[in-house]
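Engineer: The following file, run_34.pdb, comprises PDB, C-alpha atoms:
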ATOM      1  CA  MET A  23       6.578   0.736 -46.592
ATOM      2  CA  LEU A  24       5.501  -2.378 -44.790
ATOM      3  CA  ASP A  25       9.165  -3.181 -44.189
ATOM      4  CA  SER A  26       9.485  -0.391 -41.677
ATOM      5  CA  ILE A  27       6.890  -2.041 -39.465
ATOM      6  CA  ALA A  28       7.924  -5.571 -40.245
ATOM      7  CA  THR A  29       7.927  -6.361 -36.569
ATOM      8  CA  SER A  30       5.582  -4.737 -34.199
ATOM      9  CA  ILE A  31       4.557  -5.558 -30.655
ATOM     10  CA  ILE A  32       1.850  -4.249 -28.369
ATOM     11  CA  LEU A  33       3.716  -2.451 -25.627
ATOM     12  CA  ASN A  34       1.652  -1.285 -22.660
ATOM     13  CA  GLY A  35      -1.456  -1.293 -24.779
ATOM     14  CA  ASP A  36      -0.092   0.539 -27.829
ATOM     15  CA  PRO A  37       1.614  -0.697 -31.011
ATOM     16  CA  TYR A  38       5.374  -0.337 -30.825
ATOM     17  CA  PRO A  39       7.509  -0.901 -33.920
ATOM     18  CA  LEU A  40      10.604  -3.083 -33.808
ATOM     19  CA  ASP A  41      13.084  -3.777 -36.639
ATOM     20  CA  ALA A  42      13.361  -7.420 -35.643
ATOM     21  CA  ASP A  43      12.830  -9.820 -32.768
ATOM     22  CA  LEU A  44      15.149  -8.949 -29.928
ATOM     23  CA  PRO A  45      16.040 -10.020 -26.394
ATOM     24  CA  LEU A  46      13.988  -8.444 -23.644
ATOM     25  CA  THR A  47      17.181  -6.985 -22.184
ATOM     26  CA  ALA A  48      17.749  -5.095 -25.430
ATOM     27  CA  LEU A  49      14.191  -3.780 -25.459
ATOM     28  CA  LEU A  50      14.562  -2.467 -21.915
ATOM     29  CA  GLU A  51      17.871  -0.817 -22.844
ATOM     30  CA  ARG A  52      16.264   0.791 -25.854
ATOM     31  CA  LEU A  53      13.502   2.122 -23.620
ATOM     32  CA  ASN A  54      16.093   3.362 -21.131
ATOM     33  CA  MET A  55      14.595   1.295 -18.320
ATOM     34  CA  ARG A  56      16.527  -0.144 -15.447
ATOM     35  CA  ARG A  57      15.678  -3.761 -14.868
ATOM     36  CA  THR A  58      15.751  -3.314 -11.092
ATOM     37  CA  ARG A  59      12.866  -0.839 -11.278
ATOM     38  CA  VAL A  60      10.422  -2.706 -13.482
ATOM     39  CA  ALA A  61       8.562  -5.981 -13.924
ATOM     40  CA  VAL A  62       7.608  -7.461 -17.269
ATOM     41  CA  GLU A  63       4.807  -9.624 -18.574
ATOM     42  CA  ILE A  64       4.830 -11.097 -22.077
ATOM     43  CA  ASN A  65       1.498 -12.452 -23.263
ATOM     44  CA  HIS A  66       0.230 -12.437 -19.677
ATOM     45  CA  GLN A  67       3.191 -14.470 -18.414
ATOM     46  CA  ILE A  68       5.564 -12.847 -15.974
ATOM     47  CA  VAL A  69       9.177 -12.950 -17.094
ATOM     48  CA  PRO A  70      11.512 -13.475 -14.121
ATOM     49  CA  ARG A  71      14.355 -10.955 -14.101
ATOM     50  CA  ALA A  72      16.948 -13.712 -14.403
ATOM     51  CA  ARG A  73      15.510 -14.642 -17.796
ATOM     52  CA  TYR A  74      15.545 -11.206 -19.435
ATOM     53  CA  ASP A  75      18.652 -12.053 -21.490
ATOM     54  CA  GLU A  76      17.322 -15.268 -22.937
ATOM     55  CA  THR A  77      13.745 -14.071 -23.475
ATOM     56  CA  ILE A  78      13.094 -12.990 -27.044
ATOM     57  CA  VAL A  79      10.405 -10.428 -27.799
ATOM     58  CA  ARG A  80       8.681 -11.407 -31.026
ATOM     59  CA  ALA A  81       6.271  -9.804 -33.444
ATOM     60  CA  GLY A  82       2.760  -9.694 -32.108
ATOM     61  CA  ASP A  83       3.774 -10.176 -28.463
ATOM     62  CA  HIS A  84       1.796  -8.296 -25.881
ATOM     63  CA  VAL A  85       4.364  -6.784 -23.555
ATOM     64  CA  GLU A  86       3.497  -5.082 -20.280
ATOM     65  CA  ILE A  87       6.169  -3.220 -18.367
ATOM     66  CA  ILE A  88       5.201  -1.844 -14.967
ATOM     67  CA  ASN A  89       6.884   0.170 -12.276
ATOM     68  CA  PHE A  90       5.948   1.727  -8.971
ATOM     69  CA  VAL A  91       4.328   5.134  -8.805
ATOM     70  CA  GLY A  92       2.934   7.193  -5.963
ATOM     71  CA  GLY A  93      -0.152   5.632  -4.403
ATOM     72  CA  GLY A  94      -1.967   5.096  -1.143
TER
ATOM     73  CA  MET B  17       7.247   3.399  28.693
ATOM     74  CA  GLN B  18       9.002   1.859  25.717
ATOM     75  CA  ASP B  19       6.591   0.859  22.956
ATOM     76  CA  THR B  20       6.635  -2.701  21.711
ATOM     77  CA  SER B  21       7.429  -3.376  18.092
ATOM     78  CA  PHE B  22       4.890  -5.061  15.878
ATOM     79  CA  GLU B  23       5.253  -7.707  13.269
ATOM     80  CA  LEU B  24       3.905  -7.979   9.768
ATOM     81  CA  GLY B  25       4.613 -11.211   7.967
ATOM     82  CA  GLY B  26       7.676 -11.918  10.055
ATOM     83  CA  ILE B  27       9.186  -8.449   9.686
ATOM     84  CA  GLU B  28       9.480  -6.259  12.759
ATOM     85  CA  PHE B  29       8.486  -2.607  12.652
ATOM     86  CA  HIS B  30       8.667   0.192  15.181
ATOM     87  CA  SER B  31       6.735   2.986  13.548
ATOM     88  CA  ARG B  32       3.006   2.318  13.589
ATOM     89  CA  LEU B  33       2.293   4.853  10.888
ATOM     90  CA  ILE B  34       2.174   3.599   7.309
ATOM     91  CA  VAL B  35       2.045   6.286   4.655
ATOM     92  CA  GLY B  36       1.029   6.429   1.035
ATOM     93  CA  THR B  37       3.066   8.158  -1.654
ATOM     94  CA  GLY B  38       0.299   9.483  -3.892
ATOM     95  CA  LYS B  39      -0.859  13.035  -4.536
ATOM     96  CA  TYR B  40       2.413  14.802  -3.700
ATOM     97  CA  ARG B  41       3.746  17.702  -5.760
ATOM     98  CA  ASP B  42       6.860  15.766  -6.740
ATOM     99  CA  PHE B  43       9.104  12.958  -5.548
ATOM    100  CA  ALA B  44      11.195  15.343  -3.447
ATOM    101  CA  GLN B  45       8.126  16.346  -1.461
ATOM    102  CA  THR B  46       7.072  12.698  -1.190
ATOM    103  CA  LYS B  47      10.455  11.850   0.279
ATOM    104  CA  ALA B  48      10.418  14.778   2.704
ATOM    105  CA  ALA B  49       6.913  13.917   3.934
ATOM    106  CA  VAL B  50       7.773  10.243   4.398
ATOM    107  CA  GLU B  51      10.847  11.238   6.376
ATOM    108  CA  ALA B  52       8.857  13.628   8.559
ATOM    109  CA  SER B  53       6.265  10.934   9.244
ATOM    110  CA  GLY B  54       8.852   8.511  10.587
ATOM    111  CA  ALA B  55       7.106   5.729   8.655
ATOM    112  CA  GLU B  56       9.019   2.560   7.894
ATOM    113  CA  ILE B  57       6.428   1.202   5.482
ATOM    114  CA  VAL B  58       5.301   3.119   2.407
ATOM    115  CA  THR B  59       2.610   2.129  -0.041
ATOM    116  CA  VAL B  60       3.076   2.472  -3.788
ATOM    117  CA  ALA B  61       0.861   1.814  -6.795
ATOM    118  CA  VAL B  62       1.679  -0.479  -9.706
ATOM    119  CA  ARG B  63       1.289   1.147 -13.116
ATOM    120  CA  ARG B  64       2.469   0.810 -16.699
ATOM    121  CA  VAL B  65       5.744   2.643 -17.263
ATOM    122  CA  ASN B  66       5.527   5.735 -19.366
ATOM    123  CA  ILE B  67       7.025   4.709 -22.709
ATOM    124  CA  THR B  68       7.097   8.153 -24.274
ATOM    125  CA  ASP B  69       8.711   9.952 -21.313
ATOM    126  CA  ARG B  70      11.799   7.821 -20.918
ATOM    127  CA  GLY B  71      14.088   9.974 -18.859
ATOM    128  CA  LYS B  72      11.560   9.997 -16.064
ATOM    129  CA  GLU B  73      12.755   9.549 -12.520
ATOM    130  CA  ASN B  74      11.568   6.586 -10.537
ATOM    131  CA  LEU B  75       9.857   6.731  -7.157
ATOM    132  CA  LEU B  76      12.308   4.167  -5.794
ATOM    133  CA  ASP B  77      15.162   6.599  -6.491
ATOM    134  CA  TYR B  78      13.675   8.686  -3.704
ATOM    135  CA  LEU B  79      12.494   5.923  -1.383
ATOM    136  CA  ASP B  80      15.311   3.444  -0.998
ATOM    137  CA  PRO B  81      13.846  -0.069  -0.704
ATOM    138  CA  LYS B  82      16.742  -0.928   1.603
ATOM    139  CA  ARG B  83      15.563   1.703   4.038
ATOM    140  CA  TYR B  84      11.807   1.431   3.601
ATOM    141  CA  GLN B  85       9.519  -1.532   3.338
ATOM    142  CA  ILE B  86       7.779  -0.922   0.033
ATOM    143  CA  LEU B  87       4.153  -2.019   0.154
ATOM    144  CA  PRO B  88       2.708  -2.298  -3.361
ATOM    145  CA  ASN B  89      -1.047  -1.846  -3.556
ATOM    146  CA  THR B  90      -3.656  -3.077  -5.981
ATOM    147  CA  ALA B  91      -5.487   0.235  -6.172
ATOM    148  CA  GLY B  92      -7.643   0.532  -9.245
ATOM    149  CA  CYS B  93      -8.364  -3.205  -9.424
ATOM    150  CA  PHE B  94     -12.026  -4.129  -9.642
ATOM    151  CA  THR B  95     -11.682  -7.906  -9.867
ATOM    152  CA  ALA B  96      -9.817 -10.576  -7.940
ATOM    153  CA  ASP B  97      -7.936 -11.562 -11.106
ATOM    154  CA  GLU B  98      -6.669  -8.034 -11.706
ATOM    155  CA  ALA B  99      -5.533  -7.733  -8.104
ATOM    156  CA  VAL B 100      -3.706 -11.071  -8.174
ATOM    157  CA  ARG B 101      -2.015 -10.181 -11.460
ATOM    158  CA  THR B 102      -0.938  -6.820 -10.051
ATOM    159  CA  CYS B 103       0.561  -8.459  -6.957
ATOM    160  CA  ARG B 104       2.471 -10.995  -9.034
ATOM    161  CA  LEU B 105       3.971  -8.203 -11.131
ATOM    162  CA  ALA B 106       4.761  -6.115  -8.060
ATOM    163  CA  ARG B 107       6.636  -8.990  -6.473
ATOM    164  CA  GLU B 108       8.841  -9.270  -9.564
ATOM    165  CA  VAL B 109      10.180  -5.778  -8.951
ATOM    166  CA  GLY B 110      11.872  -7.354  -5.964
ATOM    167  CA  VAL B 111      10.692  -5.565  -2.853
ATOM    168  CA  GLY B 112       9.352  -8.594  -1.014
ATOM    169  CA  ASP B 113       6.084 -10.452  -0.520
ATOM    170  CA  LEU B 114       4.137  -7.877   1.457
ATOM    171  CA  VAL B 115       1.192  -6.494  -0.518
ATOM    172  CA  LYS B 116      -1.717  -4.214   0.209
ATOM    173  CA  LEU B 117      -4.707  -5.914  -1.344
ATOM    174  CA  GLU B 118      -7.596  -3.749  -2.382
ATOM    175  CA  VAL B 119     -10.350  -4.765  -4.729
ATOM    176  CA  ILE B 120     -12.656  -1.847  -5.306
ATOM    177  CA  GLY B 121     -16.358  -2.524  -5.580
ATOM    178  CA  ASP B 122     -17.678   0.914  -6.403
ATOM    179  CA  ASN B 123     -16.058   3.943  -7.957
ATOM    180  CA  ARG B 124     -17.842   6.634  -5.986
ATOM    181  CA  THR B 125     -17.262   5.294  -2.480
ATOM    182  CA  LEU B 126     -14.167   3.212  -3.281
ATOM    183  CA  PHE B 127     -15.566   0.693  -0.828
ATOM    184  CA  PRO B 128     -14.062  -2.758  -1.218
ATOM    185  CA  ASP B 129     -15.695  -5.645  -3.025
ATOM    186  CA  VAL B 130     -15.603  -7.994  -0.055
ATOM    187  CA  ALA B 131     -16.259 -11.235  -1.940
ATOM    188  CA  ALA B 132     -13.564 -10.443  -4.517
ATOM    189  CA  THR B 133     -11.136  -9.356  -1.787
ATOM    190  CA  ILE B 134     -11.546 -12.681   0.004
ATOM    191  CA  GLU B 135     -11.165 -14.573  -3.272
ATOM    192  CA  ALA B 136      -7.965 -12.722  -4.157
ATOM    193  CA  ALA B 137      -6.572 -13.078  -0.631
ATOM    194  CA  ARG B 138      -7.022 -16.831  -0.788
ATOM    195  CA  VAL B 139      -5.024 -17.104  -4.030
ATOM    196  CA  LEU B 140      -2.303 -14.716  -2.888
ATOM    197  CA  VAL B 141      -1.773 -16.397   0.487
ATOM    198  CA  LYS B 142      -1.386 -19.743  -1.303
ATOM    199  CA  GLU B 143       1.257 -18.177  -3.533
ATOM    200  CA  GLY B 144       3.248 -17.050  -0.525
ATOM    201  CA  PHE B 145       2.257 -13.399  -0.452
ATOM    202  CA  LYS B 146       1.979 -11.635   2.878
ATOM    203  CA  VAL B 147      -1.387 -10.077   2.363
ATOM    204  CA  MET B 148      -2.650  -6.920   4.037
ATOM    205  CA  PRO B 149      -6.225  -6.467   2.852
ATOM    206  CA  TYR B 150      -8.105  -3.176   2.811
ATOM    207  CA  VAL B 151     -11.633  -4.057   3.925
ATOM    208  CA  THR B 152     -14.860  -2.626   5.159
ATOM    209  CA  ASP B 153     -15.149  -2.225   8.914
ATOM    210  CA  ASP B 154     -16.995  -5.520   9.147
ATOM    211  CA  PRO B 155     -15.891  -7.862  11.953
ATOM    212  CA  VAL B 156     -16.940 -11.061  10.149
ATOM    213  CA  THR B 157     -15.018 -10.146   6.986
ATOM    214  CA  CYS B 158     -11.951  -9.350   9.063
ATOM    215  CA  LEU B 159     -12.284 -12.715  10.782
ATOM    216  CA  ARG B 160     -12.490 -14.549   7.455
ATOM    217  CA  LEU B 161      -9.424 -12.765   6.100
ATOM    218  CA  GLN B 162      -7.532 -13.643   9.247
ATOM    219  CA  GLU B 163      -8.539 -17.301   8.890
ATOM    220  CA  ILE B 164      -7.350 -17.356   5.282
ATOM    221  CA  GLY B 165      -3.900 -16.349   6.484
ATOM    222  CA  CYS B 166      -3.644 -12.623   5.896
ATOM    223  CA  VAL B 167      -0.845 -11.083   7.967
ATOM    224  CA  ALA B 168      -3.004  -8.106   8.961
ATOM    225  CA  VAL B 169      -6.487  -6.745   8.449
ATOM    226  CA  MET B 170      -6.964  -3.151   7.394
ATOM    227  CA  PRO B 171     -10.507  -1.933   7.996
ATOM    228  CA  LEU B 172     -11.357   1.490   6.643
ATOM    229  CA  ALA B 173     -12.244   4.270   9.055
ATOM    230  CA  ALA B 174     -14.218   6.089   6.358
ATOM    231  CA  PRO B 175     -14.097   6.285   2.535
ATOM    232  CA  ILE B 176     -10.628   6.715   1.000
ATOM    233  CA  GLY B 177      -9.639  10.360   0.905
ATOM    234  CA  SER B 178     -12.793  11.487   2.733
ATOM    235  CA  GLY B 179     -11.123  12.662   5.927
ATOM    236  CA  LEU B 180     -14.243  11.774   7.902
ATOM    237  CA  GLY B 181     -12.413   9.957  10.683
ATOM    238  CA  ILE B 182     -13.577   6.796  12.415
ATOM    239  CA  ARG B 183     -17.223   6.331  11.387
ATOM    240  CA  ASN B 184     -17.850   3.118  13.266
ATOM    241  CA  PRO B 185     -15.817   2.876  16.453
ATOM    242  CA  PHE B 186     -17.962   0.023  17.768
ATOM    243  CA  ASN B 187     -17.247  -2.254  14.817
ATOM    244  CA  LEU B 188     -13.597  -1.307  15.065
ATOM    245  CA  ALA B 189     -13.591  -2.296  18.737
ATOM    246  CA  ILE B 190     -15.034  -5.722  17.872
ATOM    247  CA  ILE B 191     -12.510  -6.197  15.057
ATOM    248  CA  ILE B 192      -9.638  -5.390  17.413
ATOM    249  CA  GLU B 193     -10.970  -7.707  20.124
ATOM    250  CA  GLN B 194     -11.230 -10.638  17.703
ATOM    251  CA  ALA B 195      -8.005 -10.081  15.836
ATOM    252  CA  LYS B 196      -5.035 -12.357  16.162
ATOM    253  CA  VAL B 197      -3.203 -10.379  13.478
ATOM    254  CA  PRO B 198      -2.405  -6.663  13.530
ATOM    255  CA  VAL B 199      -5.336  -4.352  12.859
ATOM    256  CA  ILE B 200      -4.402  -1.310  10.800
ATOM    257  CA  VAL B 201      -6.920   1.412  10.150
ATOM    258  CA  ASP B 202      -6.639   2.186   6.471
ATOM    259  CA  ALA B 203      -8.354   5.173   4.876
ATOM    260  CA  GLY B 204     -10.590   7.934   6.124
ATOM    261  CA  VAL B 205      -8.267   9.683   8.563
ATOM    262  CA  GLY B 206      -8.606  13.466   8.280
ATOM    263  CA  THR B 207      -6.406  14.922  10.950
ATOM    264  CA  ALA B 208      -4.139  14.035  13.857
ATOM    265  CA  SER B 209      -6.909  13.380  16.375
ATOM    266  CA  ASP B 210      -8.404  10.718  14.071
ATOM    267  CA  ALA B 211      -5.092   8.875  14.022
ATOM    268  CA  ALA B 212      -4.706   9.217  17.785
ATOM    269  CA  GLU B 213      -8.254   7.938  18.286
ATOM    270  CA  ALA B 214      -7.580   4.844  16.189
ATOM    271  CA  MET B 215      -4.507   4.076  18.240
ATOM    272  CA  GLU B 216      -6.338   4.731  21.526
ATOM    273  CA  PHE B 217      -8.876   2.100  20.514
ATOM    274  CA  GLY B 218      -6.019  -0.375  20.334
ATOM    275  CA  CYS B 219      -5.293  -0.532  16.641
ATOM    276  CA  ASP B 220      -1.793  -1.701  15.832
ATOM    277  CA  GLY B 221      -1.239   0.948  13.220
ATOM    278  CA  VAL B 222      -2.728   3.514  10.892
ATOM    279  CA  LEU B 223      -2.303   3.838   7.129
ATOM    280  CA  MET B 224      -2.956   7.146   5.434
ATOM    281  CA  ASN B 225      -2.130   9.129   2.317
ATOM    282  CA  THR B 226      -4.490  11.997   1.544
ATOM    283  CA  ALA B 227      -4.570  13.347   5.114
ATOM    284  CA  ILE B 228      -0.868  14.158   4.775
ATOM    285  CA  ALA B 229      -0.431  14.751   1.042
ATOM    286  CA  GLY B 230      -3.577  16.888   0.822
ATOM    287  CA  ALA B 231      -2.810  19.070   3.845
ATOM    288  CA  LYS B 232      -1.815  22.683   3.191
ATOM    289  CA  ASP B 233       1.577  21.876   4.683
ATOM    290  CA  PRO B 234       2.167  18.162   4.093
ATOM    291  CA  LEU B 235       5.467  18.078   5.980
ATOM    292  CA  ALA B 236       3.954  19.609   9.107
ATOM    293  CA  MET B 237       0.995  17.230   8.881
ATOM    294  CA  ALA B 238       3.340  14.268   8.459
ATOM    295  CA  ARG B 239       4.994  15.198  11.735
ATOM    296  CA  ALA B 240       1.599  15.792  13.390
ATOM    297  CA  MET B 241       0.530  12.290  12.344
ATOM    298  CA  LYS B 242       3.742  10.762  13.651
ATOM    299  CA  LEU B 243       3.158  12.397  17.038
ATOM    300  CA  ALA B 244      -0.559  11.523  17.027
ATOM    301  CA  VAL B 245       0.077   7.847  16.346
ATOM    302  CA  GLU B 246       2.715   7.762  19.077
ATOM    303  CA  ALA B 247       0.484   9.656  21.517
ATOM    304  CA  GLY B 248      -2.522   7.475  20.793
ATOM    305  CA  ARG B 249      -0.490   4.319  21.179
ATOM    306  CA  LEU B 250       1.008   5.512  24.445
ATOM    307  CA  ALA B 251      -2.417   6.497  25.790
ATOM    308  CA  PHE B 252      -3.762   3.069  24.872
ATOM    309  CA  ARG B 253      -0.939   1.329  26.684
ATOM    310  CA  ALA B 254      -1.182   3.699  29.651
ATOM    311  CA  GLY B 255      -4.839   2.762  30.117
ATOM    312  CA  ARG B 256      -7.342   5.568  30.165
ATOM    313  CA  ILE B 257      -9.609   6.439  33.098
ATOM    314  CA  GLU B 258     -13.223   5.356  33.191
ATOM    315  CA  ARG B 259     -15.768   7.788  31.858
ATOM    316  CA  ARG B 260     -18.053   9.123  34.596
ATOM    317  CA  LEU B 261     -21.173  11.215  34.452
ATOM    318  CA  TYR B 262     -20.296  13.325  37.477
ATOM    319  CA  ALA B 263     -17.181  15.081  38.695
ATOM    320  CA  THR B 264     -14.526  13.624  40.957
ATOM    321  CA  ALA B 265     -12.426  16.316  42.576
ATOM    322  CA  SER B 266      -8.740  16.370  41.777
ATOM    323  CA  SER B 267      -7.841  18.467  44.830
ATOM    324  CA  PRO B 268      -8.180  17.272  48.479
ATOM    325  CA  LEU B 269     -11.593  17.861  50.000
ATOM    326  CA  THR B 270     -10.037  18.210  53.472
ATOM    327  CA  GLY B 271      -7.950  21.056  54.904
ATOM    328  CA  LEU B 272     -10.011  23.728  53.273
ATOM    329  CA  ILE B 273      -9.668  27.218  54.744
ATOM    330  CA  GLY B 274     -12.578  28.713  56.624
TER
END
Take the structure from the file and write it as structure tokens.

Structural biologist:
Amino acid sequence: MLDSIATSIILNGDPYPLDADLPLTALLERLNMRRTRVAVEINHQIVPRARYDETIVRAGDHVEIINFVGGG
Amino acid sequence: MQDTSFELGGIEFHSRLIVGTGKYRDFAQTKAAVEASGAEIVTVAVRRVNITDRGKENLLDYLDPKRYQILPNTAGCFTADEAVRTCRLAREVGVGDLVKLEVIGDNRTLFPDVAATIEAARVLVKEGFKVMPYVTDDPVTCLRLQEIGCVAVMPLAAPIGSGLGIRNPFNLAIIIEQAKVPVIVDAGVGTASDAAEAMEFGCDGVLMNTAIAGAKDPLAMARAMKLAVEAGRLAFRAGRIERRLYATASSPLTGLIG
């Protein structure tokens, strides 16, 4: 049972299960998010867009993904 | 009389109306209202993406960043740290360095926390952001923000979303007189005459959201605001007549019959 949540991250404040560590690019693809519309922080560090491929999301990471919404 | 353009952080703009994108029915209405307003700069908020609703459309699909200057705000931030973090994230989306800094000090009035705003502005300017701070209509605060290196100061006319219009025209006049950077009235506009009044005082621009989005017909109000800002600006440049207590006749006093 524990195997199914072997890897889990905190994504935008909530636990999010992952099968294994994976590149940030793959996470964004899985979430159906276009990289040109979002910005990402991992453990409070901004990840520049150019480093999405090489950045690995690991168990326990706190990941924040933001985008723009209507506001004044 | 051709209006002059104005500059914000090295970028030239022609429309002096900046509009928010909140509170609209949907993105299509947001887009239509922005178009009707003639605005070149639109503010947006920075929020966590919705993980569970993945197919969701994005605001930028409706407001092309190539056509509009996107101005991310720090709405909802109550500390300097939160505001700085929000700006850093916003910049990573790739719409430039221009940010609308707001650090809220009180939930009921949404008045800014001046000390925290100054603190955040200092950090952001050092990091190369072009900072447009939302501030109280306090001339000294505006002066400090200008000294720090903000590219504009944005005193409120009245509380955000209140529609009360310009509550302190005398402070606004002092702010404008002292300013070496553009002064943009941000928040509190209720209707077209408020926007025109701000421009007649000599403000460089007006920023609004609720006045348009909350109107019964947002598209019509967007156009009204466009015309009001243009009219107010033109009246300011034309130079208004002095106020007098007594009448001065408009028609000749000579050649009267009888």

Engineer: Up to 10 Å from chain B, what residues of chain A turn up? Count only C-alpha atoms and give them as a PyMOL selection string.

Structural biologist: chain A and resi 33-36+38+52-63+66-71+86-94

Engineer: For the residues in the current selection, export C-alpha atoms as a CSV table (one decimal), keeping the file's coordinate frame.

Structural biologist:
chain,number,residue,atom,x,y,z
A,33,LEU,CA,3.7,-2.5,-25.6
A,34,ASN,CA,1.7,-1.3,-22.7
A,35,GLY,CA,-1.5,-1.3,-24.8
A,36,ASP,CA,-0.1,0.5,-27.8
A,38,TYR,CA,5.4,-0.3,-30.8
A,52,ARG,CA,16.3,0.8,-25.9
A,53,LEU,CA,13.5,2.1,-23.6
A,54,ASN,CA,16.1,3.4,-21.1
A,55,MET,CA,14.6,1.3,-18.3
A,56,ARG,CA,16.5,-0.1,-15.4
A,57,ARG,CA,15.7,-3.8,-14.9
A,58,THR,CA,15.8,-3.3,-11.1
A,59,ARG,CA,12.9,-0.8,-11.3
A,60,VAL,CA,10.4,-2.7,-13.5
A,61,ALA,CA,8.6,-6.0,-13.9
A,62,VAL,CA,7.6,-7.5,-17.3
A,63,GLU,CA,4.8,-9.6,-18.6
A,66,HIS,CA,0.2,-12.4,-19.7
A,67,GLN,CA,3.2,-14.5,-18.4
A,68,ILE,CA,5.6,-12.8,-16.0
A,69,VAL,CA,9.2,-13.0,-17.1
A,70,PRO,CA,11.5,-13.5,-14.1
A,71,ARG,CA,14.4,-11.0,-14.1
A,86,GLU,CA,3.5,-5.1,-20.3
A,87,ILE,CA,6.2,-3.2,-18.4
A,88,ILE,CA,5.2,-1.8,-15.0
A,89,ASN,CA,6.9,0.2,-12.3
A,90,PHE,CA,5.9,1.7,-9.0
A,91,VAL,CA,4.3,5.1,-8.8
A,92,GLY,CA,2.9,7.2,-6.0
A,93,GLY,CA,-0.2,5.6,-4.4
A,94,GLY,CA,-2.0,5.1,-1.1

Engineer: So how many Å separate atom CA of Val199 of chain B and atom CA of Val156 of chain B, to one decimal?

Structural biologist: 13.7 Å

Engineer: Mind pulling up the distance from atom CA of Ala137 of chain B to atom CA of Gly121 of chain B?

Structural biologist: 15.2 Å

Engineer: Skipping near chain neighbours, those fewer than 3 positions away, what residues fall within 10 Å of segment 48-52 of chain B using only C-alpha atoms, listed as number ranges by chain?

Structural biologist: B: 34-37, 40, 43-45, 55-58, 78-79, 84, 228-229, 233-242

Engineer: Any chance you could export the current selection's C-alpha atoms as a tab-separated table (two decimals), in the frame of the given file?

Structural biologist:
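This is the output file again23.tsv:
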chain	number	residue	atom	x	y	z
B	34	ILE	CA	2.17	3.60	7.31
B	35	VAL	CA	2.04	6.29	4.66
B	36	GLY	CA	1.03	6.43	1.03
B	37	THR	CA	3.07	8.16	-1.65
B	40	TYR	CA	2.41	14.80	-3.70
B	43	PHE	CA	9.10	12.96	-5.55
B	44	ALA	CA	11.20	15.34	-3.45
B	45	GLN	CA	8.13	16.35	-1.46
B	55	ALA	CA	7.11	5.73	8.65
B	56	GLU	CA	9.02	2.56	7.89
B	57	ILE	CA	6.43	1.20	5.48
B	58	VAL	CA	5.30	3.12	2.41
B	78	TYR	CA	13.68	8.69	-3.70
B	79	LEU	CA	12.49	5.92	-1.38
B	84	TYR	CA	11.81	1.43	3.60
B	228	ILE	CA	-0.87	14.16	4.78
B	229	ALA	CA	-0.43	14.75	1.04
B	233	ASP	CA	1.58	21.88	4.68
B	234	PRO	CA	2.17	18.16	4.09
B	235	LEU	CA	5.47	18.08	5.98
B	236	ALA	CA	3.95	19.61	9.11
B	237	MET	CA	1.00	17.23	8.88
B	238	ALA	CA	3.34	14.27	8.46
B	239	ARG	CA	4.99	15.20	11.74
B	240	ALA	CA	1.60	15.79	13.39
B	241	MET	CA	0.53	12.29	12.34
B	242	LYS	CA	3.74	10.76	13.65

Engineer: One decimal, Å: what's the distance from atom CA of Gly54 of chain B over to atom CA of Gln85 of chain B, could you say?

Structural biologist: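 For atom CA of Gly54 of chain B relative to atom CA of Gln85 of chain B, the distance reads 12.4 Å.
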
Engineer: Could you tell me which of A:Ile64, A:Val79, A:Val85, A:Arg73 comes closest to Asp41 of chain A if we count only C-alpha atoms?

Structural biologist: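 Using only C-alpha atoms, Asp41 of chain A sits closest to A:Val79.
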
Engineer: Would you compute an axis-aligned box for segment 35-42 of chain A, covering every atom listed for it in the file with 3 Å of margin on each side, and report centre and edge lengths in Å to one decimal as AutoDock Vina command-line options?

Structural biologist:
--center_x 6.0 --center_y -3.4 --center_z -30.7 --size_x 20.8 --size_y 14.0 --size_z 17.9

Engineer: Selection in question (the file shown): the PyMOL selection byres ((chain A and resi 83) around 8). Which residues does it include, as an MDAnalysis selection string?

Structural biologist: chainID A and resid 31:32 64:65 79:82 84:85

Engineer: Need the shell around Ile190 of chain B: protein/DNA/RNA residues with any atom at most 9 Å away, counting all atoms listed in the file. Skip same-chain ones fewer than 4 positions apart. Format as a VMD selection string?

Structural biologist: chain B and resid 154 to 155 185 to 186 194 to 195

Engineer: With only C-alpha atoms as the counted atoms, please give the residues lying no more than 6 Å from Thr77 of chain A, apart from itself and same-chain residues fewer than 3 positions off, as a PyMOL selection string.

Structural biologist: chain A and resi 45-46+73-74

Engineer: Report as a ChimeraX atom specification the residues that result from applying the PyMOL selection byres ((chain B and resi 150) around 12) to the structure here.

Structural biologist: /A:94 /B:89-91,115-121,126-130,132-134,136-137,147-149,151-154,157-158,161,166-176,199-204,222-224

Engineer: Which residues come within 8 Å of segment 209-211 of chain B, counting all atoms listed in the file, excluding same-chain residues fewer than 6 positions away, as number ranges by chain?

Structural biologist: B: 181-182, 222, 241, 244-245, 248
